[in-house]
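So this one's target-v1.cif, mmCIF, C-alpha atoms:
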data_start
#
loop_
_atom_site.label_atom_id
_atom_site.label_comp_id
_atom_site.auth_asym_id
_atom_site.auth_seq_id
_atom_site.Cartn_x
_atom_site.Cartn_y
_atom_site.Cartn_z
CA MET A 135 0.00 0.00 0.00
CA LYS A 136 1.25 3.46 -0.82
CA LYS A 137 1.63 5.95 2.01
CA LEU A 138 1.16 9.73 2.16
CA LEU A 139 2.59 11.72 5.06
CA ILE A 140 1.13 15.23 5.26
CA ILE A 141 3.19 17.56 7.42
CA THR A 142 1.90 20.97 8.36
CA GLY A 143 2.74 23.67 10.84
CA PRO A 144 2.18 27.36 11.55
CA GLN A 145 4.08 29.68 9.24
CA GLY A 146 7.73 29.77 10.29
CA SER A 147 7.58 26.62 12.40
CA GLY A 148 9.91 24.54 10.20
CA ASN A 149 7.81 23.45 7.22
CA HIS A 150 10.64 23.78 4.69
CA PHE A 151 13.15 22.10 6.97
CA PHE A 152 11.07 19.03 7.77
CA SER A 153 10.05 18.74 4.11
CA ARG A 154 13.75 18.56 3.22
CA VAL A 155 14.36 15.96 5.95
CA PHE A 156 11.71 13.59 4.57
CA SER A 157 12.24 14.33 0.87
CA THR A 158 15.96 13.48 1.13
CA HIS A 159 15.20 9.74 1.10
CA SER A 160 15.42 8.24 -2.39
CA GLU A 161 12.20 6.25 -1.90
CA VAL A 162 10.12 9.30 -0.98
CA GLY A 163 8.42 11.56 -3.48
CA GLY A 164 7.71 15.09 -2.43
CA TRP A 165 9.28 18.52 -2.34
CA LYS A 166 12.49 17.53 -4.15
CA SER A 167 13.34 21.12 -5.19
CA LEU A 168 14.24 21.80 -1.54
CA LEU A 169 17.23 19.47 -1.86
CA ASP A 170 19.06 22.11 -3.90
CA ARG A 171 17.52 25.35 -2.57
CA TYR A 172 17.22 26.69 0.95
CA TRP A 173 13.77 28.19 0.41
CA VAL A 174 11.10 27.68 -2.22
CA PRO A 175 7.73 29.54 -2.39
CA SER A 176 4.93 27.48 -0.87
CA ASP A 177 2.91 27.43 -4.09
CA GLU A 178 5.77 25.55 -5.82
CA GLU A 179 5.44 22.53 -3.52
CA TYR A 180 4.48 19.33 -5.40
CA PHE A 181 0.91 19.19 -4.05
CA ALA A 182 0.42 22.99 -3.73
CA LYS A 183 -2.60 23.46 -5.96
CA TYR A 184 -4.51 20.68 -4.22
CA TRP A 185 -4.56 22.55 -0.90
CA VAL A 186 -6.86 24.98 -2.71
CA HIS A 187 -8.47 22.56 -5.19
CA PRO A 188 -8.43 19.09 -3.58
CA GLU A 189 -11.00 17.78 -6.06
CA GLU A 190 -8.31 17.90 -8.78
CA LEU A 191 -6.06 15.36 -7.02
CA THR A 192 -5.79 12.08 -8.99
CA GLU A 193 -4.19 8.64 -8.58
CA LYS A 194 -1.63 9.60 -11.24
CA ASP A 195 -0.10 12.07 -8.78
CA PHE A 196 1.08 9.09 -6.72
CA GLU A 197 2.44 6.84 -9.50
CA GLU A 198 6.20 7.34 -9.23
CA TYR A 199 6.81 6.50 -5.53
CA ASN A 200 5.35 4.28 -2.81
CA TYR A 201 6.02 6.92 -0.14
CA TRP A 202 4.95 10.53 -0.55
CA LEU A 203 5.61 13.64 1.49
CA ALA A 204 3.21 16.59 1.22
CA ASN A 205 3.69 19.83 3.10
CA VAL A 206 1.72 23.01 3.65
CA SER A 207 1.86 25.72 6.28
CA CYS A 208 -1.31 27.02 7.88
CA PRO A 209 -2.22 29.52 6.57
CA PHE A 210 -0.30 29.45 3.26
CA TYR A 211 -0.02 31.60 0.13
CA TYR A 212 -0.99 30.32 -3.31
CA ASP A 213 -0.49 32.61 -6.27
CA GLY A 214 -0.37 35.67 -3.99
CA VAL A 215 -3.55 34.85 -2.06
CA ARG A 216 -3.65 33.59 1.54
CA TYR A 217 -5.64 30.43 2.21
CA THR A 218 -6.37 28.07 5.03
CA PRO A 219 -5.29 24.82 3.31
CA LYS A 220 -7.84 22.07 2.74
CA ILE A 221 -5.71 19.39 4.35
CA LEU A 222 -8.57 17.18 5.46
CA GLU A 223 -10.08 17.14 1.97
CA VAL A 224 -6.72 16.17 0.42
CA ALA A 225 -6.32 13.38 2.99
CA GLU A 226 -9.81 12.05 2.28
CA LYS A 227 -9.23 12.18 -1.48
CA ALA A 228 -5.94 10.27 -1.17
CA LYS A 229 -7.58 7.70 1.08
CA SER A 230 -10.23 7.11 -1.59
CA PHE A 231 -7.39 5.93 -3.87
CA GLY A 232 -6.42 3.28 -1.30
CA ILE A 233 -3.49 5.31 0.05
CA ASP A 234 -2.58 5.15 3.75
CA VAL A 235 -2.58 8.74 5.06
CA GLU A 236 -1.08 10.11 8.26
CA ILE A 237 -0.68 13.72 9.36
CA ALA A 238 2.09 15.36 11.42
CA ILE A 239 1.88 18.85 12.92
CA ILE A 240 5.16 20.74 13.41
CA THR A 241 5.70 22.52 16.71
CA ARG A 242 8.18 25.26 17.52
CA ASP A 243 8.55 27.34 20.68
CA GLN A 244 5.50 29.62 20.54
CA ASN A 245 7.38 32.76 21.59
CA ILE A 246 10.08 32.27 18.95
CA ASN A 247 7.53 31.28 16.32
CA SER A 248 5.55 34.45 17.09
CA GLU A 249 8.66 36.62 16.84
CA GLN A 250 9.54 35.00 13.51
CA GLN A 251 6.05 35.67 12.13
CA LEU A 252 6.14 39.29 13.27
CA ARG A 253 9.55 39.78 11.68
CA VAL A 254 8.70 38.16 8.33
CA ARG A 255 4.95 38.69 7.98
CA LYS A 256 4.22 41.57 10.39
CA GLU A 257 1.44 39.55 12.09
CA ILE A 258 0.99 36.46 14.25
CA THR A 259 -0.97 33.72 12.49
CA ILE A 260 -0.48 30.89 15.01
CA PRO A 261 -4.14 31.10 16.21
CA ILE A 262 -5.33 30.47 12.63
CA ALA A 263 -3.31 27.24 12.55
CA GLN A 264 -4.45 26.22 16.03
CA GLU A 265 -8.08 26.80 15.15
CA TYR A 266 -7.81 24.55 12.09
CA TYR A 267 -5.76 21.83 13.76
CA TYR A 268 -7.88 21.61 16.91
CA ASN A 269 -11.28 21.76 15.21
CA THR A 270 -10.61 19.95 11.94
CA LEU A 271 -7.48 17.79 11.81
CA ILE A 272 -7.11 16.35 15.31
CA PRO A 273 -10.77 15.24 15.62
CA SER A 274 -10.62 13.59 12.16
CA GLU A 275 -10.34 9.85 11.42
CA PHE A 276 -6.65 10.19 10.48
CA LYS A 277 -3.69 9.57 12.78
CA VAL A 278 -2.22 12.92 13.82
CA HIS A 279 1.31 13.19 15.26
CA PHE A 280 3.50 16.09 16.36
CA LEU A 281 6.99 16.85 15.01
CA ASP A 282 9.17 18.84 17.39
CA ASN A 283 11.58 21.42 15.98
CA GLU A 284 13.53 21.74 19.24
CA ALA A 285 13.73 17.95 19.74
CA PHE A 286 15.38 17.55 16.33
CA PHE A 287 18.09 20.15 16.97
CA LEU A 288 18.79 18.67 20.39
CA HIS A 289 18.84 14.97 19.46
CA ARG A 290 19.32 15.13 15.68
CA LYS A 291 19.88 11.64 14.19
CA HIS A 292 18.47 9.92 17.29
CA TYR A 293 15.25 11.90 17.00
CA LEU A 294 14.90 11.06 13.29
CA ILE A 295 15.36 7.34 13.96
CA TRP A 296 12.54 7.51 16.52
CA VAL A 297 10.30 9.53 14.14
CA SER A 298 10.90 7.04 11.32
CA LYS A 299 9.77 4.16 13.55
CA LEU A 300 6.80 6.08 14.92
CA LEU A 301 5.49 7.07 11.50
CA ASP A 302 6.60 3.88 9.73
CA PHE A 303 8.08 6.15 7.10
CA PRO A 304 11.60 6.08 5.58
CA VAL A 305 14.03 8.76 6.76
CA ASP A 306 17.61 8.95 5.45
CA TYR A 307 18.90 10.10 8.84
CA ASP A 308 22.59 9.54 7.92
CA ASN A 309 22.41 11.73 4.84
CA PRO A 310 24.49 14.93 5.33
CA ASP A 311 22.23 16.77 2.85
CA ILE A 312 19.68 17.11 5.67
CA PHE A 313 22.01 19.80 7.09
CA LYS A 314 22.96 21.21 3.69
CA PHE A 315 21.69 24.72 4.43
CA ILE A 316 21.82 24.65 8.23
CA ASP A 317 24.82 25.95 10.17
CA GLU A 318 23.11 26.19 13.58
CA ASP A 319 19.81 25.90 15.38
CA PRO A 320 17.52 28.58 13.81
CA ASN A 321 16.20 29.45 17.27
CA LYS A 322 19.61 30.70 18.36
CA LYS A 323 19.22 34.14 16.79
CA TYR A 324 16.12 34.79 18.89
CA VAL A 325 17.61 33.76 22.25
CA LYS A 326 19.11 36.46 24.48
CA TYR A 327 21.09 35.96 27.68
CA VAL A 328 19.10 36.61 30.86
CA LYS A 329 21.35 37.97 33.57
CA GLU A 330 19.04 37.09 36.43
CA TYR A 331 15.60 35.68 37.12
CA TRP A 332 13.44 35.67 40.24
CA LEU A 333 13.74 31.88 40.68
CA ASP A 334 17.57 31.77 40.52
CA GLU A 335 18.08 32.15 44.25
CA ASP A 336 15.70 29.28 45.03
CA VAL A 337 17.44 27.03 42.48
CA TRP A 338 20.89 27.84 43.84
CA SER A 339 19.65 27.12 47.34
CA GLY A 340 18.04 23.87 46.19
CA ILE A 341 21.31 22.32 45.00
CA ARG A 342 23.04 22.90 48.34
CA PRO A 343 23.27 20.06 50.92
CA LYS A 344 19.99 19.34 52.74
CA ASN A 345 21.42 20.19 56.18
CA ASP A 346 22.42 23.68 55.01
CA ARG A 347 18.97 24.24 53.46
CA GLU A 348 17.22 23.16 56.67
CA LYS A 349 19.34 25.56 58.73
CA ASP A 350 18.44 28.45 56.40
CA LEU A 351 14.75 27.53 56.62
CA MET A 352 14.81 27.50 60.43
CA LEU A 353 16.54 30.89 60.44
CA ARG A 354 13.91 32.40 58.12
CA LEU A 355 11.07 30.96 60.19
CA SER A 356 12.52 32.40 63.38
CA GLN A 357 12.84 35.82 61.74
CA LEU A 358 9.19 35.69 60.62
CA ASP A 359 8.22 34.58 64.10
CA GLN A 360 9.81 37.67 65.59
CA ASN A 361 7.79 39.89 63.28
CA TRP A 362 4.51 37.98 63.66
CA PRO A 363 2.01 39.30 66.25
CA SER A 364 1.03 37.18 69.21
CA LYS A 365 -2.47 35.75 69.69
CA SER A 366 -3.31 38.64 71.95
CA THR A 367 -2.61 41.17 69.21
CA SER A 368 -5.72 42.84 67.81
CA THR A 369 -7.05 42.11 64.34
CA ILE A 370 -6.53 45.77 63.45
CA THR A 371 -2.80 45.50 64.16
CA VAL A 372 -2.46 42.24 62.24
CA PHE A 373 -4.09 43.71 59.14
CA LYS A 374 -1.58 46.56 59.13
CA GLU A 375 0.64 44.12 57.24
CA VAL A 376 -1.94 44.01 54.44
CA GLU A 377 -1.98 47.80 54.34
CA ASN A 378 1.82 47.83 54.18
CA PHE A 379 1.71 45.40 51.26
CA GLU A 380 -0.88 47.55 49.47
CA ASN A 381 1.32 50.61 49.88
CA GLN A 382 4.39 48.83 48.50
CA ILE A 383 2.56 47.42 45.47
CA ALA A 384 1.01 50.83 44.73
CA LYS A 385 4.45 52.41 44.99
CA PHE A 386 6.01 49.87 42.61
CA TYR A 387 3.36 50.41 39.92
CA ASN A 388 3.15 54.17 40.66
CA ALA A 389 -0.55 53.92 41.44
CA PRO A 390 -2.21 56.22 43.98
CA TYR A 391 -3.92 53.28 45.75
CA ALA A 392 -4.05 49.49 45.85
CA VAL A 393 -6.65 47.15 47.37
CA ALA A 394 -5.24 43.70 48.17
CA THR A 395 -7.53 40.73 47.45
CA ASP A 396 -7.38 36.95 47.66
CA CYS A 397 -7.07 36.56 43.86
CA CYS A 398 -7.21 38.47 40.57
CA THR A 399 -10.57 37.00 39.54
CA HIS A 400 -12.20 38.36 42.69
CA ALA A 401 -10.48 41.70 42.09
CA VAL A 402 -12.18 41.84 38.68
CA GLU A 403 -15.49 40.77 40.20
CA LEU A 404 -15.37 43.50 42.85
CA CYS A 405 -14.74 46.15 40.19
CA LEU A 406 -17.62 44.86 38.08
CA ARG A 407 -19.96 44.89 41.07
CA TYR A 408 -18.84 48.37 42.10
CA LYS A 409 -19.12 50.00 38.67
CA ASN A 410 -22.24 48.13 37.48
CA TYR A 411 -20.89 47.72 33.96
CA ASN A 412 -22.87 45.74 31.38
CA ASN A 413 -22.55 44.87 27.67
CA ILE A 414 -18.95 43.76 28.10
CA THR A 415 -16.56 42.08 25.68
CA VAL A 416 -13.86 39.65 26.80
CA PRO A 417 -10.97 38.22 24.71
CA THR A 418 -11.39 34.73 23.31
CA HIS A 419 -7.91 33.92 24.65
CA THR A 420 -7.71 34.49 28.41
CA TYR A 421 -8.11 32.61 31.67
CA ILE A 422 -11.47 30.86 31.91
CA SER A 423 -12.50 32.40 35.24
CA ILE A 424 -13.11 35.80 33.59
CA PRO A 425 -16.08 34.77 31.39
CA PHE A 426 -17.31 32.53 34.22
CA THR A 427 -17.38 35.62 36.46
CA LEU A 428 -19.41 37.58 33.90
CA GLU A 429 -21.89 34.70 33.80
CA LYS A 430 -21.96 34.51 37.60
CA LEU A 431 -22.91 38.20 37.73
CA ASN A 432 -25.57 37.69 35.04
CA LEU A 433 -24.06 40.37 32.79
CA ASN A 434 -24.53 40.82 29.07
CA TRP A 435 -21.23 39.91 27.43
CA LYS A 436 -19.64 38.32 24.38
CA PHE A 437 -16.28 37.01 23.21
CA GLU A 438 -14.05 39.14 20.99
CA TYR A 439 -10.83 38.05 19.28
CA GLN A 440 -7.99 40.23 20.53
CA GLU A 441 -4.21 39.84 20.13
CA TRP A 442 -3.30 41.35 23.51
CA LYS A 443 0.08 41.57 25.20
CA ASP A 444 0.79 42.08 28.93
CA PHE A 445 -2.81 43.06 29.77
CA TYR A 446 -6.19 43.80 28.23
CA TYR A 447 -9.28 45.90 28.98
CA LEU A 448 -12.62 44.27 29.57
CA GLY A 449 -14.39 45.81 26.59
CA ASN A 450 -16.56 48.88 27.30
CA THR A 451 -15.06 49.34 30.78
CA ASN A 452 -11.98 50.86 32.38
CA ILE A 453 -11.22 47.57 34.16
CA ILE A 454 -7.93 45.99 33.11
CA ASP A 455 -7.06 42.32 33.55
CA ALA A 456 -3.36 42.73 34.34
CA ALA A 457 -2.93 39.31 35.94
CA VAL A 458 0.33 38.69 34.03
CA TYR A 459 1.57 42.30 33.98
CA TRP A 460 4.69 43.21 35.94
CA LYS A 461 6.15 46.63 35.21
CA GLN A 462 7.53 49.32 37.47
CA ASN A 463 5.53 52.56 37.08
CA GLY A 464 3.17 50.57 34.88
CA TYR A 465 -0.16 51.81 36.28
CA ILE A 466 -2.51 53.40 33.72
CA GLU A 467 -4.32 56.44 35.11
CA ASN A 468 -8.04 56.32 35.85
CA THR A 469 -8.31 52.55 35.51
CA TYR A 470 -9.04 49.64 37.79
CA MET A 471 -6.00 47.48 37.10
CA CYS A 472 -6.37 43.96 38.53
CA LEU A 473 -3.21 42.01 39.41
CA SER A 474 -2.47 38.38 40.24
CA PHE A 475 0.06 36.89 42.64
CA GLN A 476 -0.82 33.29 41.83
CA TYR A 477 2.10 30.86 42.02
CA LYS A 478 3.00 31.12 38.31
CA LYS A 479 3.20 34.89 38.37
CA HIS A 480 6.33 37.00 38.85
CA LEU A 481 5.42 37.83 42.46
CA SER A 482 4.52 34.27 43.38
CA LEU A 483 2.55 34.03 46.63
CA GLY A 484 0.54 30.91 45.88
CA ARG A 485 -2.65 32.96 45.78
CA GLY A 486 -3.47 36.65 45.93
CA GLY A 487 -4.41 39.69 43.90
CA ALA A 488 -4.84 43.45 44.00
CA ILE A 489 -6.70 46.36 42.41
CA LEU A 490 -4.66 49.42 41.44
CA LEU A 491 -6.83 52.52 41.32
CA GLN A 492 -6.91 56.29 41.15
CA ASN A 493 -8.81 57.84 44.07
CA LYS A 494 -9.44 57.50 47.79
CA GLU A 495 -13.22 57.20 47.59
CA ASP A 496 -12.97 54.16 45.31
CA TYR A 497 -10.28 52.69 47.55
CA ASP A 498 -12.43 53.02 50.69
CA ILE A 499 -15.46 51.38 49.08
CA LEU A 500 -13.58 48.54 47.34
CA LYS A 501 -11.58 47.89 50.49
CA LYS A 502 -14.80 47.40 52.46
CA MET A 503 -16.35 45.30 49.70
CA SER A 504 -13.32 42.98 49.76
CA TYR A 505 -13.51 42.64 53.56
CA ASP A 506 -17.12 41.59 54.26
CA GLY A 507 -18.27 45.23 54.18
CA ARG A 508 -16.00 46.03 57.12
CA SER A 509 -13.62 48.90 57.59
CA PRO A 510 -10.21 47.46 58.61
CA ASN A 511 -9.45 50.11 61.22
CA GLN A 512 -12.21 49.22 63.69
CA GLN A 513 -13.64 46.02 65.17
CA TRP A 514 -16.50 44.90 62.94
CA MET A 515 -19.01 44.44 65.77
CA LYS A 516 -18.69 48.14 66.56
CA GLN A 517 -19.43 49.15 62.97
CA ASP A 518 -22.75 49.93 61.33
CA ILE A 519 -21.84 48.19 58.05
CA ASP A 520 -23.29 50.16 55.15
CA CYS A 521 -22.28 48.24 52.00
CA MET A 522 -22.49 44.71 50.71
CA GLY A 523 -19.25 42.85 51.38
CA TYR A 524 -17.52 39.77 50.04
CA HIS A 525 -15.01 37.48 51.67
CA TYR A 526 -12.26 38.34 49.16
CA TYR A 527 -9.56 39.88 51.37
CA MET A 528 -5.84 39.07 51.39
CA THR A 529 -4.69 37.39 54.59
CA PRO A 530 -1.94 38.98 56.70
CA GLU A 531 0.18 35.84 56.19
CA THR A 532 0.05 36.31 52.42
CA ALA A 533 0.83 40.01 52.79
CA LEU A 534 3.90 39.25 54.93
CA LEU A 535 5.12 36.75 52.36
CA GLY A 536 4.49 39.35 49.64
CA LEU A 537 6.51 42.01 51.43
CA ASP A 538 9.38 39.55 51.85
CA LYS A 539 9.36 38.38 48.21
CA LEU A 540 8.75 41.81 46.71
CA LYS A 541 12.21 42.95 47.80
CA LYS A 542 13.78 40.09 45.83
CA VAL A 543 11.78 40.15 42.60
CA LYS A 544 10.83 43.79 41.99
CA ASN A 545 13.93 44.57 39.91
CA GLN A 546 14.13 41.21 38.14
CA THR A 547 13.05 40.58 34.55
CA SER A 548 9.62 39.02 34.31
CA GLN A 549 8.20 36.62 31.75
CA LYS A 550 6.24 38.24 28.93
CA TRP A 551 2.69 36.97 28.48
CA SER A 552 0.14 37.41 25.72
CA TYR A 553 -3.03 35.93 24.27
CA LEU A 554 -0.87 33.16 22.77
CA HIS A 555 -0.47 31.59 26.21
CA TYR A 556 -4.20 30.82 26.39
CA PRO A 557 -6.57 28.59 24.39
CA ASN A 558 -9.56 29.86 22.44
CA LEU A 559 -12.28 29.70 25.10
CA SER A 560 -15.08 30.33 22.62
CA ASN A 561 -14.55 26.83 21.20
CA MET A 562 -15.00 25.09 24.53
CA LYS A 563 -18.16 23.05 25.00
CA VAL A 564 -19.19 24.92 28.14
CA PHE A 565 -19.56 28.12 26.11
CA LEU A 566 -20.78 26.59 22.85
CA LYS A 567 -23.69 24.81 24.49
CA ASN A 568 -24.75 28.02 26.21
CA GLY A 569 -24.54 30.13 23.07
CA PHE A 570 -21.52 32.31 23.86
CA LYS A 571 -19.59 31.73 20.62
#
Taking this structure as input, can you express it in the form of structure tokens?
Amino acid sequence: MKKLLIITGPQGSGNHFFSRVFSTHSEVGGWKSLLDRYWVPSDEEYFAKYWVHPEELTEKDFEEYNYWLANVSCPFYYDGVRYTPKILEVAEKAKSFGIDVEIAIITRDQNINSEQQLRVRKEITIPIAQEYYYNTLIPSEFKVHFLDNEAFFLHRKHYLIWVSKLLDFPVDYDNPDIFKFIDEDPNKKYVKYVKEYWLDEDVWSGIRPKNDREKDLMLRLSQLDQNWPSKSTSTITVFKEVENFENQIAKFYNAPYAVATDCCTHAVELCLRYKNYNNITVPTHTYISIPFTLEKLNLNWKFEYQEWKDFYYLGNTNIIDAAVYWKQNGYIENTYMCLSFQYKKHLSLGRGGAILLQNKEDYDILKKMSYDGRSPNQQWMKQDIDCMGYHYYMTPETALLGLDKLKKVKNQTSQKWSYLHYPNLSNMKVFLKNGFK
């Protein structure tokens, strides 16, 4: 039985390279022009026209070889026009000829792939590829594999031997022509040296002998113990640590005020409740708790595709989801900027959040809302509580940890986040079945 291997990947992920790898074998028909040229336009690939017109594919196209390699990026250009390739239709047509078809999707580091696309094409098209792969190719009847760009350049021949066995497809892994146009890993030009990172100190500590680490831990615990109030200390005094943390976070971002919360999602919820916004848009690519919160509050909302970086506005509001945003003096005036201190974030406290805001009146109200309607500077039983409150406050223990860690991480380089780090929520069943496409 003849076999067709269709390989595809986002633009710039390694389509030309992997096509050369497979086409090098003498028993494989495919993109043979790549054996003598570093780069060839995508519409000159052997099967190019069929990605647009799959109905024109015939058995004669497969006469010369028993193994065939077809490649197309997603999206791709044919005769100057951009298309989403009809890969599934080509696979089905080939199968109708009695050909065994398998599909392999190329992966490359998403940050590097995005930078490459911005450099070459001035836009990021990875979501287009993801949309097609997740909704069309992967759920199909055909076997779908993943080819790893980084794994090849790390393991080289050993990786190709494994791929050949996995796909049951010939690979001439000893042929030097595979590296004919490659002097070094193509990712290298995008990688810059990072002088320091917030986790370095923990890693350095972690490779020391256990006895030394235990001694350091006991010393840190005793220091915290000295600063921690006794059981007889009033709640008002204890929560001064939260106020101290709020002041330090506000100072770092250059915001007039900050309200500490137990998480970013609740920070967003408090702002929505306070401002009574409605008719809101939310990016398709974000953390799932945001649209869940809008549903919880019974608001009118819809998804909107948005290629955000660092932070985004909830559409038609001045509320900013800045969960992944870490930038000194980064506060935007007259906004409610909601932060996260979840364990993956730059200031990693396990759990926690904050609202950066502009004026004292808003601070006083949101502070009470976060703390069961209570004012923090007086025992609650002596207060005539005048606003609805929610149990969304930051604990003093978290605030103390935040003050300790803030000193270490505030001047360190943080990871850059964008919409590319999140899936397309609008395609998830929970939203489709409820009509929130």
Residue neighbourhood Lys436 in chain A, 12 Å, all atoms listed in the file, exclusion window fewer than 3 positions, as a ChimeraX atom specification: /A:412-418,424-426,428-429,433,439,448-450,559-560,565-566,568-571
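Atom pair CA of Tyr212 in chain A / CA of Phe181 in chain A has a distance of 11.3 Å (rounded to one decimal).
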Among listed residues A:Tyr184, A:Leu300, A:Glu330, A:Pro343, nearest Val278 in chain A (using all atoms listed in the file):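 Counting all atoms listed in the file, the residue closest to Val278 in chain A is A:Leu300.
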Sphere at (-2.4, 33.5, 56.1), radius 12 Å, counting only C-alpha atoms: residues as a PyMOL selection string: chain A and resi 362+372-373+375-376+396+483-486+527-536
Separation of CA of Pro304 in chain A from CA of Pro175 in chain A, in Å and rounded to one decimal: 25.1 Å
Nearby residues, (13.6, 24.9, 7.8) file frame, 10 Å, all atoms listed in the file, as a list in words: Gly146, Ser147, Gly148, Asn149, His150, Phe151, Phe152, Ser153, Arg154, Val155, Leu168, Tyr172, Trp173, Asn283, Phe313, Phe315, Ile316, Asp319 and Pro320 of chain A
Serialized selection, C-alpha atoms, as a PDB file, in the coordinates of the input:
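See part27.pdb below for the written result:
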ATOM      1  CA  GLY A 146       7.730  29.770  10.290  1.00  0.00           C
ATOM      2  CA  SER A 147       7.580  26.620  12.400  1.00  0.00           C
ATOM      3  CA  GLY A 148       9.910  24.540  10.200  1.00  0.00           C
ATOM      4  CA  ASN A 149       7.810  23.450   7.220  1.00  0.00           C
ATOM      5  CA  HIS A 150      10.640  23.780   4.690  1.00  0.00           C
ATOM      6  CA  PHE A 151      13.150  22.100   6.970  1.00  0.00           C
ATOM      7  CA  PHE A 152      11.070  19.030   7.770  1.00  0.00           C
ATOM      8  CA  SER A 153      10.050  18.740   4.110  1.00  0.00           C
ATOM      9  CA  ARG A 154      13.750  18.560   3.220  1.00  0.00           C
ATOM     10  CA  VAL A 155      14.360  15.960   5.950  1.00  0.00           C
ATOM     11  CA  LEU A 168      14.240  21.800  -1.540  1.00  0.00           C
ATOM     12  CA  TYR A 172      17.220  26.690   0.950  1.00  0.00           C
ATOM     13  CA  TRP A 173      13.770  28.190   0.410  1.00  0.00           C
ATOM     14  CA  ASN A 283      11.580  21.420  15.980  1.00  0.00           C
ATOM     15  CA  PHE A 313      22.010  19.800   7.090  1.00  0.00           C
ATOM     16  CA  PHE A 315      21.690  24.720   4.430  1.00  0.00           C
ATOM     17  CA  ILE A 316      21.820  24.650   8.230  1.00  0.00           C
ATOM     18  CA  ASP A 319      19.810  25.900  15.380  1.00  0.00           C
ATOM     19  CA  PRO A 320      17.520  28.580  13.810  1.00  0.00           C
TER      20      PRO A 320
END
Atomic distance CA of Ile239 in chain A - CA of Tyr556 in chain A, expressed in Å with one decimal: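 CA of Tyr556 in chain A lies 19.0 Å from CA of Ile239 in chain A.
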Result set, the PyMOL selection byres ((chain A and resi 444) around 8) on current file, as a ChimeraX atom specification: /A:442-443,445-446,456,458-459,550-552
Selection: 6 Å around range 460-468 of chain A, all atoms listed in the file, excl. self and same-chain fewer than 3 positions, as a short mmCIF file (atom, residue, chain, number, x, y, z; two decimals) with C-alpha atoms, in the frame of the given file:
data_model
loop_
_atom_site.label_atom_id
_atom_site.label_comp_id
_atom_site.auth_asym_id
_atom_site.auth_seq_id
_atom_site.Cartn_x
_atom_site.Cartn_y
_atom_site.Cartn_z
CA PHE A 386 6.01 49.87 42.61
CA TYR A 387 3.36 50.41 39.92
CA ASN A 388 3.15 54.17 40.66
CA ALA A 389 -0.55 53.92 41.44
CA GLN A 492 -6.91 56.29 41.15
#
Residues matched by the PyMOL selection byres ((chain A and resi 544) around 9) as an NGL selection string: :A and (332 or 386 or 460-462 or 480-481 or 539-543 or 545-547)
Expansion of the PyMOL selection byres ((chain A and resi 255-268) around 9) into residues, as JSON, numbers by chain: {"A": [143, 144, 145, 207, 208, 209, 218, 239, 244, 247, 248, 249, 250, 251, 252, 253, 254, 269, 270, 271, 272, 273, 441, 554, 557, 558, 561]}
Non-local contacts of Leu191 in chain A (12 Å; all atoms listed in the file; under 2 positions in same chain excluded) as a ChimeraX atom specification: /A:180-189,193-196,220,223-231
Taking all listed atoms of range 507-520 of chain A, build the axis-aligned box, pad each of the six sides by 3 Å, then write its centre and edge lengths in Å to one decimal as AutoDock Vina command-line options.
--center_x -16.4 --center_y 47.3 --center_z 60.4 --size_x 19.8 --size_y 11.7 --size_z 18.4
Using only C-alpha atoms: which of A:Asn378, A:Ser339, A:Thr395, A:Asn309 has the shortest distance to Ser504 in chain A: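 For Ser504 in chain A, the nearest of the given residues is A:Thr395.
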Give me range 387-395 of chain A with N, CA and C atoms filled in, as a short mmCIF file (atom, residue, chain, number, x, y, z; two decimals), in the frame of the given file.
data_model
loop_
_atom_site.label_atom_id
_atom_site.label_comp_id
_atom_site.auth_asym_id
_atom_site.auth_seq_id
_atom_site.Cartn_x
_atom_site.Cartn_y
_atom_site.Cartn_z
N TYR A 387 4.05 50.14 41.18
CA TYR A 387 3.36 50.41 39.92
C TYR A 387 3.10 51.91 39.71
N ASN A 388 3.43 52.73 40.72
CA ASN A 388 3.15 54.17 40.66
C ASN A 388 1.65 54.44 40.55
N ALA A 389 0.90 53.72 41.36
CA ALA A 389 -0.55 53.92 41.44
C ALA A 389 -0.87 54.65 42.74
N PRO A 390 -1.87 55.52 42.74
CA PRO A 390 -2.21 56.22 43.98
C PRO A 390 -2.65 55.27 45.10
N TYR A 391 -3.40 54.20 44.74
CA TYR A 391 -3.92 53.28 45.75
C TYR A 391 -3.91 51.85 45.24
N ALA A 392 -3.93 50.91 46.19
CA ALA A 392 -4.05 49.49 45.85
C ALA A 392 -4.91 48.81 46.91
N VAL A 393 -5.83 47.97 46.48
CA VAL A 393 -6.65 47.15 47.37
C VAL A 393 -6.21 45.70 47.20
N ALA A 394 -5.68 45.09 48.24
CA ALA A 394 -5.24 43.70 48.17
C ALA A 394 -6.45 42.77 48.27
N THR A 395 -6.43 41.71 47.46
CA THR A 395 -7.53 40.73 47.45
C THR A 395 -6.95 39.32 47.52
#
